[in-house]
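Worksheet: one structure, shown below.
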Amino acid sequence: QRSKMLEPDYRMLWSEELPRVAPAGEQVDITLIGGELPGMAVPPPPPTHSYASDPAGDVLVATVKLGPDCRWTLPRYGGPRKSVGLNRNVYFFAGHSAIIDGVAFTTHRRVKVRPDVDLEIVAGGRGPIDILVLQGR
């Protein structure tokens with residue numbers, strides 16, 4: 001509402017400018033599009049009037065690619081505010097099967113998760129998976 005009638009502001013996010021962690025020899029590839037994750041550089045700033053530009057929104061946008069039988073832990077929210085009112089969703093959108101927080105999924109779906117705990121994501125053994133992580137208030 002507050003930025004509804006402002007001048008448009010657009011920024012292109014180029015792949016080579018986004019922080020990425022893909023350890024050699026591991027089938028794990030994490031790309032940070034917005035927000036912060038421990039051990040990763042800060043991505044380019046969002047558009048000036050974007051909801052993501054307000055630090056109080058605690059926005060996190062990341063993609064996770066895991067090879068078969070690989071696992072990765074999404075760290076708990078570690079920001080300066082309490083996690084109450086913070087929404088975090090994990091979208092399993094490509095691949096055969098995933099285990100998210102101990103629950104197996106064989107259909108693509110959104111999984112609402114708690115931001116105040118570490119979350120283990122595991123790819124099933126039949127192939128790689130792609131996950132989108134979205135967080136905000």
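Letters for chains follow the order of the structure tokens (A, B, ...), residue numbers begin at 1 for each chain, and ligand numbers begin at 1 in the order shown.
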Non-local contacts of Leu13 of chain A (10 Å; only C-alpha atoms; under 2 positions in same chain excluded) as a VMD selection string: chain A and resid 10 to 11 15 to 18 33 43 to 46
Residues as selected, all heavy atoms, written as a CSV table (one decimal), in the first residue's frame, can you do that?
```csv
chain,number,residue,atom,x,y,z
A,10,TYR,N,13.0,-1.2,-11.4
A,10,TYR,CA,13.3,-2.6,-11.8
A,10,TYR,C,14.8,-2.8,-11.8
A,10,TYR,O,15.6,-2.0,-12.3
A,10,TYR,CB,12.7,-2.8,-13.2
A,10,TYR,CG,13.0,-4.1,-13.8
A,10,TYR,CD1,12.3,-5.2,-13.5
A,10,TYR,CD2,14.1,-4.2,-14.8
A,10,TYR,CE1,12.6,-6.5,-14.0
A,10,TYR,CE2,14.4,-5.5,-15.3
A,10,TYR,CZ,13.6,-6.6,-14.9
A,10,TYR,OH,13.9,-7.8,-15.5
A,11,ARG,N,15.2,-4.0,-11.4
A,11,ARG,CA,16.6,-4.4,-11.5
A,11,ARG,C,16.6,-5.8,-12.0
A,11,ARG,O,15.9,-6.7,-11.5
A,11,ARG,CB,17.2,-4.4,-10.1
A,11,ARG,CG,17.3,-3.0,-9.5
A,11,ARG,CD,18.4,-2.9,-8.5
A,11,ARG,NE,18.4,-1.5,-8.0
A,11,ARG,CZ,18.1,-1.1,-6.8
A,11,ARG,NH1,17.9,-2.0,-5.9
A,11,ARG,NH2,18.2,0.2,-6.5
A,15,SER,N,22.5,-14.1,-13.2
A,15,SER,CA,22.9,-15.4,-12.5
A,15,SER,C,24.3,-15.2,-11.9
A,15,SER,O,24.6,-15.6,-10.8
A,15,SER,CB,22.8,-16.5,-13.5
A,15,SER,OG,23.4,-17.7,-13.0
A,16,GLU,N,25.2,-14.7,-12.7
A,16,GLU,CA,26.6,-14.6,-12.3
A,16,GLU,C,26.8,-13.6,-11.1
A,16,GLU,O,27.9,-13.6,-10.5
A,16,GLU,CB,27.6,-14.3,-13.5
A,16,GLU,CG,27.2,-13.2,-14.3
A,16,GLU,CD,26.2,-13.5,-15.4
A,16,GLU,OE1,25.8,-14.6,-15.7
A,16,GLU,OE2,25.6,-12.5,-16.0
A,17,GLU,N,25.8,-12.8,-10.8
A,17,GLU,CA,26.0,-11.8,-9.7
A,17,GLU,C,25.4,-12.4,-8.4
A,17,GLU,O,25.6,-11.8,-7.4
A,17,GLU,CB,25.3,-10.5,-10.1
A,17,GLU,CG,25.9,-9.8,-11.2
A,17,GLU,CD,25.1,-8.5,-11.6
A,17,GLU,OE1,24.0,-8.3,-11.1
A,17,GLU,OE2,25.6,-7.8,-12.5
A,18,LEU,N,24.7,-13.5,-8.5
A,18,LEU,CA,24.0,-14.1,-7.3
A,18,LEU,C,25.0,-14.9,-6.5
A,18,LEU,O,25.7,-15.7,-7.1
A,18,LEU,CB,22.8,-14.9,-7.7
A,18,LEU,CG,21.7,-14.1,-8.4
A,18,LEU,CD1,20.6,-15.0,-8.8
A,18,LEU,CD2,21.1,-13.0,-7.4
A,33,ILE,N,19.1,-15.6,-3.8
A,33,ILE,CA,18.5,-14.5,-4.6
A,33,ILE,C,18.2,-13.3,-3.8
A,33,ILE,O,18.3,-12.2,-4.3
A,33,ILE,CB,17.2,-15.1,-5.3
A,33,ILE,CG1,17.7,-16.2,-6.2
A,33,ILE,CG2,16.6,-14.0,-6.2
A,33,ILE,CD1,16.5,-17.1,-6.7
A,43,PRO,N,23.4,-11.0,-1.7
A,43,PRO,CA,23.0,-10.8,-3.1
A,43,PRO,C,22.8,-9.4,-3.5
A,43,PRO,O,22.8,-8.5,-2.6
A,43,PRO,CB,21.7,-11.6,-3.2
A,43,PRO,CG,21.1,-11.6,-1.8
A,43,PRO,CD,22.3,-11.6,-0.9
A,44,PRO,N,22.7,-9.0,-4.8
A,44,PRO,CA,22.4,-7.6,-5.1
A,44,PRO,C,21.2,-7.1,-4.4
A,44,PRO,O,20.3,-7.9,-4.1
A,44,PRO,CB,22.2,-7.7,-6.7
A,44,PRO,CG,22.9,-9.0,-7.1
A,44,PRO,CD,22.7,-9.9,-5.9
A,45,PRO,N,21.1,-5.8,-4.2
A,45,PRO,CA,19.9,-5.3,-3.5
A,45,PRO,C,18.7,-5.4,-4.3
A,45,PRO,O,18.8,-5.3,-5.6
A,45,PRO,CB,20.3,-3.8,-3.2
A,45,PRO,CG,21.4,-3.5,-4.3
A,45,PRO,CD,22.1,-4.8,-4.5
A,46,PRO,N,17.5,-5.5,-3.7
A,46,PRO,CA,16.3,-5.5,-4.4
A,46,PRO,C,15.9,-4.1,-4.9
A,46,PRO,O,16.5,-3.1,-4.5
A,46,PRO,CB,15.3,-6.1,-3.4
A,46,PRO,CG,15.9,-5.7,-2.1
A,46,PRO,CD,17.4,-5.7,-2.3
```
Thr106 of chain A surroundings by only C-alpha atoms, 8 Å radius, close-in-sequence under 6 positions cut, as a count of residues only: 3
Atom CA of Tyr51 of chain A to atom CA of Lys4 of chain A, straight-line distance in Å: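 About the pair atom CA of Lys4 of chain A and atom CA of Tyr51 of chain A: they are 11.2 Å apart.
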Backbone DSSP call of helix (DSSP H, G or I) for segment 20-97 of chain A, listed as number ranges by chain: A: 51-53, 55-57
Filtered DSSP result for segment 85-118 of chain A, state strand (DSSP E or B), as a ChimeraX atom specification: /A:87-94,98-100,103-105,109-113
Neighbour list for Ala22 of chain A as a ChimeraX atom specification, cut-off 10 Å, only C-alpha atoms, skip fewer than 4 positions in-chain: /A:26-31,64-65
For the selection just defined, write its residues with N, CA and C atoms to a file, as a PDB file, in the first residue's frame.
```
ATOM      1  N   GLU A  26      30.477 -32.400  -4.423  1.00  0.00           N
ATOM      2  CA  GLU A  26      29.166 -32.617  -3.807  1.00  0.00           C
ATOM      3  C   GLU A  26      28.078 -32.245  -4.805  1.00  0.00           C
ATOM      4  N   GLN A  27      26.954 -32.903  -4.709  1.00  0.00           N
ATOM      5  CA  GLN A  27      25.846 -32.612  -5.610  1.00  0.00           C
ATOM      6  C   GLN A  27      24.845 -31.685  -4.913  1.00  0.00           C
ATOM      7  N   VAL A  28      25.365 -30.573  -4.423  1.00  0.00           N
ATOM      8  CA  VAL A  28      24.565 -29.572  -3.727  1.00  0.00           C
ATOM      9  C   VAL A  28      24.855 -28.227  -4.386  1.00  0.00           C
ATOM     10  N   ASP A  29      23.807 -27.491  -4.717  1.00  0.00           N
ATOM     11  CA  ASP A  29      23.972 -26.190  -5.368  1.00  0.00           C
ATOM     12  C   ASP A  29      22.935 -25.238  -4.770  1.00  0.00           C
ATOM     13  N   ILE A  30      23.408 -24.239  -4.013  1.00  0.00           N
ATOM     14  CA  ILE A  30      22.529 -23.275  -3.356  1.00  0.00           C
ATOM     15  C   ILE A  30      22.770 -21.911  -3.997  1.00  0.00           C
ATOM     16  N   THR A  31      21.692 -21.254  -4.432  1.00  0.00           N
ATOM     17  CA  THR A  31      21.777 -19.900  -4.979  1.00  0.00           C
ATOM     18  C   THR A  31      20.918 -18.987  -4.115  1.00  0.00           C
ATOM     19  N   VAL A  64      17.576 -24.378  -4.215  1.00  0.00           N
ATOM     20  CA  VAL A  64      18.403 -25.482  -3.736  1.00  0.00           C
ATOM     21  C   VAL A  64      18.265 -26.627  -4.737  1.00  0.00           C
ATOM     22  N   LYS A  65      19.400 -27.086  -5.247  1.00  0.00           N
ATOM     23  CA  LYS A  65      19.428 -28.251  -6.133  1.00  0.00           C
ATOM     24  C   LYS A  65      20.248 -29.325  -5.432  1.00  0.00           C
TER      25      LYS A  65
END
```
Which residue of A:Tyr91, A:Arg71, A:Arg20, A:Val84 approaches Leu37 of chain A most closely, using only C-alpha atoms: A:Arg20
Residue neighbourhood segment 39-42 of chain A, 8 Å, only C-alpha atoms, exclusion window fewer than 6 positions, as an NGL selection string: :A and (19-21 or 32)
For those residues, write C-alpha atoms to a file as a tab-separated table (two decimals), in the first residue's frame.
```tsv
chain	number	residue	atom	x	y	z
A	19	PRO	CA	25.86	-15.72	-4.41
A	20	ARG	CA	26.18	-19.44	-5.06
A	21	VAL	CA	27.60	-22.32	-3.08
A	32	LEU	CA	20.81	-16.93	-2.81
```
